[in-house]
Every structure is written in structure tokens, then in C-alpha cells.
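Novice: Dumping the structure here so I can ask a few things about it.
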Amino acid sequence: MKKLLVVCCLVGVLCLKSNAAAPNLVNLGLVSQLVEVKYISEAWLAKVVSDTARAKVPRDSALMYYNDIRIQLDRIICQLTADMVEHNSVRIYRRLNTFYSRHRFSDTSGAAQSVLPYILAFNDLQKSFKSAINPDKSEQRFELLTSATILSIVNTGWTVLKGIKEQRGKKVDGIVELLNNLRLNAAGDLSKIKK
């Protein structure tokens, strides 16, 4: 719960720096890195799709890149939640969170064998994210968070907090709720956001 509040504060700080391209964020663990991938990816796609000056081909490429990252992220989160529910334990989440509180998604060294498949999957996700969506490679700067996105973040944060509060005593269900809220939105949903 405390980490979730820290992540919400982190998103608030990110809102204040919304005119900069992808700031270097402090690594707080697994959830903070998932939040970073989620909001940068969604903001990037929303910007590309809403830019009417772009040709259709770059928009189609952007949708392809976004959907590739979305599939990878959903694959990891769905498998992680299935494993936690099957074993009725949050041990694997704790191990991943401990590992990622000291490492980034791009790091694979020093991972325990029990979480190595997840570490490798997160590494692949990071490679796709950095090669396709990384705003540092873009010549254009874009606002990471528009006012509509900020409202979406607040709504998601409130939903997560409310869901965790309702799931008191059910650790697995609370973590599953949190992870499901960190999945990327459908590309069609992002194009409906009005600025």
C-alpha cells in the first residue's frame, strides 16, 4: 500500500515535468517501472494518433509498435497473475519486486532461477519499448501527460486504492488488481481521449 502511494506521488512529480522528454525516474521497483512503460507508451501513441499532419504509414507503424508492447506486457502480467493465483501466494511478485528495486528491466544478471523467465520477458519488453517508443530517440518533444491523461491517472489510482482496500487480507487478489490496472489500454481507447 505504501509503495502504491509512492508510485502515485511519482506520477504527480511526472505531471509537473510533463514538458520534458522522458525524465530519468527513480527506480522504486516493479510497479514503478510498469507505470513508466504504461504512461510513456500511451502518451506517445495518443500524440502520434492525434497528430493529423502525420502520414497514414507512420500512424500504422506506431499502432503496430504499441500493440506489440501491449501484447508483451499483457502476456507477462497475465502469466504472473495466473501463477500467483495457482499457488495462492505472492512470493513470485515479491521476488520480482525485490529484484527490480535494484535493477531495471534491461538488467538480467543476478536473477534467481525461479523468476528468470519473467526477467527475460521483461528484458524483451524493455528492448521493444526502447527501440520503438523511446522518446529520447524522437526528434519531436511531446507532452508526456495531458490534462485528460492526468484525469485518467487519478481515476486509475483511485480504482487501484479502492480495489486494494476492498481486498484486505487477500494479498493475491490485491496484487492481481494492481497489476491488471497497469496493463496498457487498447489503442482505440486512447484515440477517444479528448484534449
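Chain identifiers are assigned as A, B, and so on, following the order in which chains appear in the C-alpha cells; residues are numbered from 1 within each chain, and ligands are numbered from 1 in order of appearance.
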Write out as an NGL selection string the residues lying within 9 Å of Gly29 (chain A), counting only C-alpha atoms and excluding same-chain residues fewer than 3 positions away.
Specialist: :A and (3 or 32-34 or 96-104)
Novice: Write out as a list of chain:residue names which residues come within 9 Å of region 114-116 of chain A when counting only C-alpha atoms, dropping same-chain ones fewer than 3 positions away.
Specialist: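 Here the qualifying residues turn out to be A:Ile92, A:Arg95, A:Leu96, A:Thr108, A:Ala111, A:Ile119, A:Leu120, A:Ala121.
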Novice: Just write the chosen residues, C-alpha atoms, as a compact mmCIF listing (two decimals), in the first residue's frame.
Specialist:
```txt
# COMPACT_ATOMS: atom_id res chain seq x y z
CA ILE A 92 6.95 -14.58 -7.05
CA ARG A 95 10.93 -11.74 -5.63
CA LEU A 96 10.38 -9.76 -8.81
CA THR A 108 19.16 -9.76 -16.28
CA ALA A 111 18.30 -13.10 -11.18
CA ILE A 119 13.18 -11.34 -16.00
CA LEU A 120 13.90 -12.40 -19.60
CA ALA A 121 10.35 -11.46 -20.66
```
Novice: Of the candidates A:His87, A:Arg59, A:Lys47, A:Arg94, which one gets nearest to Ile175 (chain A) if we count only C-alpha atoms?
Specialist: A:Arg94
Novice: For a quick check of understanding, using only C-alpha atoms, which of A:Asp173, A:Asn123, A:Pro58, A:Ala132 has the smallest distance to Ile40 (chain A)?
Specialist: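 Of A:Asp173, A:Asn123, A:Pro58, A:Ala132, the one nearest Ile40 (chain A) is A:Ala132, counting only C-alpha atoms.
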Novice: Name the residues in contact with Leu80 (chain A) at a cut-off of 9 Å, using only C-alpha atoms, excluding same-chain residues fewer than 6 positions from it; report them as a list in words.
Specialist: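 Here the answer would be Ile92, Tyr93, Tyr118, Val176 and Leu179 of chain A.
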Novice: Grab the residues selected above and save them as a PDB file, in the first residue's frame with N, CA and C atoms.
Specialist:
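As a result, part19.pdb now contains:
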```
ATOM      1  N   ILE A  92       6.284 -14.910  -5.785  1.00  0.00           N
ATOM      2  CA  ILE A  92       6.952 -14.582  -7.051  1.00  0.00           C
ATOM      3  C   ILE A  92       6.921 -13.075  -7.304  1.00  0.00           C
ATOM      4  N   TYR A  93       5.814 -12.427  -6.938  1.00  0.00           N
ATOM      5  CA  TYR A  93       5.742 -10.967  -7.064  1.00  0.00           C
ATOM      6  C   TYR A  93       6.778 -10.312  -6.157  1.00  0.00           C
ATOM      7  N   TYR A 118      10.528 -14.606 -16.107  1.00  0.00           N
ATOM      8  CA  TYR A 118       9.905 -13.274 -16.051  1.00  0.00           C
ATOM      9  C   TYR A 118      10.930 -12.190 -16.346  1.00  0.00           C
ATOM     10  N   VAL A 176      -3.080  -8.820  -7.906  1.00  0.00           N
ATOM     11  CA  VAL A 176      -3.659  -9.052  -9.230  1.00  0.00           C
ATOM     12  C   VAL A 176      -4.409  -7.806  -9.701  1.00  0.00           C
ATOM     13  N   LEU A 179      -1.793  -5.173 -10.712  1.00  0.00           N
ATOM     14  CA  LEU A 179      -1.145  -5.496 -11.989  1.00  0.00           C
ATOM     15  C   LEU A 179      -2.100  -5.321 -13.166  1.00  0.00           C
TER      16      LEU A 179
END
```
Novice: Skipping near chain neighbours, those fewer than 2 positions away, what residues fall within 6 Å of Phe105 (chain A) using only C-alpha atoms, listed as a PyMOL selection string?
Specialist: chain A and resi 107+122-123+126
Novice: Next, write the just-selected residues to a file, as a tab-separated table (two decimals), in the first residue's frame, keeping C-alpha atoms as the atom set.
Specialist:
```tsv
chain	number	residue	atom	x	y	z
A	107	ASP	CA	19.15	-5.98	-16.47
A	122	PHE	CA	10.66	-8.02	-19.02
A	123	ASN	CA	14.03	-7.62	-20.75
A	126	GLN	CA	12.24	-3.17	-22.44
```
Novice: Considering only C-alpha atoms, can you say which of A:Leu63, A:Val31, A:Lys130, A:Ala82 comes closest to Ala46 (chain A)?
Specialist: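 Nearest candidate to Ala46 (chain A) out of A:Leu63, A:Val31, A:Lys130, A:Ala82: A:Leu63.
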Novice: Considering only C-alpha atoms, state which residue in the set A:Asn27, A:Gln113, A:Val172, A:Val37 is at the smallest distance from Gln72 (chain A).
Specialist: A:Val37
Novice: So how many Å separate CA of Ala187 (chain A) and CA of Asp124 (chain A), to one decimal?
Specialist: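 Between these atoms lies a distance of 20.8 Å.
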Novice: Which of these residues is nearest to Ser61 (chain A), using only C-alpha atoms: A:Gln79, A:Met84, A:Ile133, A:Leu190?
Specialist: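 Distance minimum relative to Ser61 (chain A) lands on A:Ile133.
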Novice: Rounded to one decimal, what separation in Å do you get between CA of Lys171 (chain A) and CA of Val90 (chain A)?
Specialist: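 We find that CA of Lys171 (chain A) and CA of Val90 (chain A) lie 6.9 Å from each other.
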